[in-house]
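Asker: Just passing along the structure, written as structure tokens.
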Amino acid sequence: MRYALALLATVAAVPALAQTDPQRLSDAVKILASDDFGGRAPGTPGEKKTVDWLIAQFKAMGVEPGGENGSWTQAVPLIRTQITGGTLGVTGPKGRTPLTQGKDVSMTTVRGDARVSVKDAPMVFVGYGVHAPEAKWDDFKGQDLKGKVAVFLVNDPDFESVAGDDAKGRFGDRRMTYYGRWTYKYEEAARRGAAAALIVHDTGGAGYPWSTANASNGENYDIVRGKDDPRVPLLGWLEHEAADRMFASAGLDLNALRVKARSAAFKPVDMKLRFSADMPVKVERIESANVIAKIPGVKRPDESVMFGAHWDAYGEGPADASGKTLRPGANDDALGVAGVLELARQFKAGPAPDRTLVFALWTGEERGLLGSEHYATHPLYPLAKTAANLTLDILQTAGPANDVVLVGAGNSSLDALLGDAAKAQGRTITPETFSERGLFYRADHFSVVRKGVPSLLLMALGGAPDLKAGGKAAGQKWLDGYMACYHKTCDTWSPSWDFRGAAAEVDLFHAMGLRLAKTGVWPTWSAGSEFTTIRDRSAAERK
């Protein structure tokens, strides 16, 4: 109630006038997505150029270094791996069937071994691979996975459920929970000692096509981990049709098993198949960096509000039809970075904040939120006193909109703050259309969410905006066009982009930031949120 009253008391303080210059956004994106930056992959010459450029921008606007030991950066030790060939195959009742990397499977590793070898490991289908005591759900039923290959379905058990299924409604229906994310499934396989983990790719369940799941080209990254935090030796995606053939070769009907996996009585299935792999790996240990700036608070400097985006993209990959190899990540997420830079510029030009404002540009997002994960485990500002994280990751470039598409609507009291800012712009809030894609778990804010920090994500993948010129139909046309270039060479800056819509989104965060920086009120998770308990553990530190 205290939070709600504070919001009502300060509605009039929300600025309605535009703050962000669309041309500045365009100029920054054009630079970051240019060939000179090489696709901004961590550990490449493109990283150094990117980090240097970002630091120069922060210096020019007069904000302070917010990284380690008074610097502009936080070191992020990474391991980079590249599978360079080798053989893959499955042996069953009908003999051995080879698997083609990039066609049938997309395999990577995040272990530091020069070779990954799995020999005749039994394959076990574990359904959705969910262990959720609070939902009275356990797909494993005591199954020993040590030295075996776990085969998962993507998303949650109730993703395709119908009335009468045990799974119906246990995991938010079509709205993905963290149990549906590939990261959870790989983590679960590691906890259970699996030799490899394969996730059957479905475009609907994953939220993106095979071309996206296969975009790594055998390359992967991870933060450097201790012995108490092992990863699965070999992990990857199994292409949908290849999965159908694999199951059929063992006399199994994958579609029928999908239905059984929606039952609480489901038990893992011995596929009667043996998986083998012998793959050389190029291993490189690199030192990447998060770029962090700050504006110190004058009354509550130990409390903070964080604005974030990721500077990395996919770097160089296979040539497209025109011969292009660089995946420049213009919208994903050079535009988000440009937005954070503009927020820093605007806040610096305004009155000094009560709380410290942190502007974090992360490395390694495209490889699993690695830079932000490293920060969350090695925070430079106390997470218990981080009031909120506001993240920009892909903004629409089709012009002004009547609404704001909100990913993860209903998660926290930050929704009300966004609603006030949108109302001041004459806009409304539209909950994401594709909640089954789990977008809330796919951006850098989630690293601190797992530590309990209330967070809000603006991500244009959440649904078609209601554009002022052309409405929802025009918004859907923009979204379809962008998705055709997602993580590809064609996500590049274009003079045809209309940055006014993106500028309005940045203005929303500026309005929210003004209030979060001044009020001293702590946003909260909504009742029933899985993150409430985590946040509550540190409640005493916020008194």
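Identifiers for the structure tokens are assigned positionally: chains receive A, B, ... in sequence, residues are indexed from 1 per chain, and ligands are indexed from 1 in the order shown.
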Can you check which residues of stretch 263-469 of chain A DSSP gives as strand (DSSP E) on the backbone and send them as a ChimeraX atom specification?
Answerer: /A:269-295,300-310,315-316,326-327,355-362,386-392,403-406,428-431,455-458
Asker: Find the residues near stretch 452-454 of chain A: any atom within 6 Å, counting only C-alpha atoms, skip ones fewer than 6 places away on the same chain, and give them as a list of chain:residue names.
Answerer: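 Listing them by chain and then by number gives A:Ala388, A:Phe531, A:Ile534, A:Arg535.
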Asker: Would you save the residues from that selection as a PDB file, in the first residue's frame, using N, CA and C atoms?
Answerer:
ATOM      1  N   ALA A 388      15.920  -1.380  -8.501  1.00  0.00           N
ATOM      2  CA  ALA A 388      15.316  -1.939  -9.706  1.00  0.00           C
ATOM      3  C   ALA A 388      16.346  -2.021 -10.819  1.00  0.00           C
ATOM      4  N   PHE A 531      10.163 -15.064  -7.113  1.00  0.00           N
ATOM      5  CA  PHE A 531      11.318 -14.272  -6.705  1.00  0.00           C
ATOM      6  C   PHE A 531      11.074 -13.498  -5.402  1.00  0.00           C
ATOM      7  N   ILE A 534      13.194 -14.786  -2.424  1.00  0.00           N
ATOM      8  CA  ILE A 534      14.608 -14.416  -2.551  1.00  0.00           C
ATOM      9  C   ILE A 534      14.804 -12.973  -2.097  1.00  0.00           C
ATOM     10  N   ARG A 535      13.940 -12.088  -2.554  1.00  0.00           N
ATOM     11  CA  ARG A 535      14.046 -10.678  -2.189  1.00  0.00           C
ATOM     12  C   ARG A 535      13.829 -10.476  -0.692  1.00  0.00           C
TER      13      ARG A 535
END
Asker: Please indicate the distance in Å from atom CA of A:Leu198 to atom CA of A:Val149, rounded to one decimal place.
Answerer: 7.4 Å
Asker: With distances taken over only C-alpha atoms, which of A:Asp139, A:Glu365, A:Asp444, A:Asp113 is nearest to A:Leu390?
Answerer: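 Ranked by minimum distance to A:Leu390, first place goes to A:Asp444.
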Asker: Determine, counting only C-alpha atoms, which protein, DNA and RNA residues have an atom within 7 Å of an atom of stretch 77-81 of chain A; residues of the same chain fewer than 5 positions away are not included. Present the result as a list in words.
Answerer: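 Here the answer would be Thr109, Val110, Glu219, Asn220, Tyr221, Asp222, Ile223, Val224, Val281, Lys282, Val283, Glu284, Arg285, Ile286, Glu287 and Ser288 of chain A.
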Asker: DSSP on the backbone: which residues in stretch 240-405 of chain A end up as helix (DSSP H, G or I)? Give the answer as a VMD selection string.
Answerer: chain A and resid 240 to 249 254 to 260 330 to 349 365 to 367 370 to 377 383 to 385
Asker: Which residue is closest to A:Gly38? Choose from A:Phe266, A:Tyr208, A:Tyr314, A:Tyr186 and count only C-alpha atoms.
Answerer: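 Of all the options, A:Tyr314 lies closest to A:Gly38.
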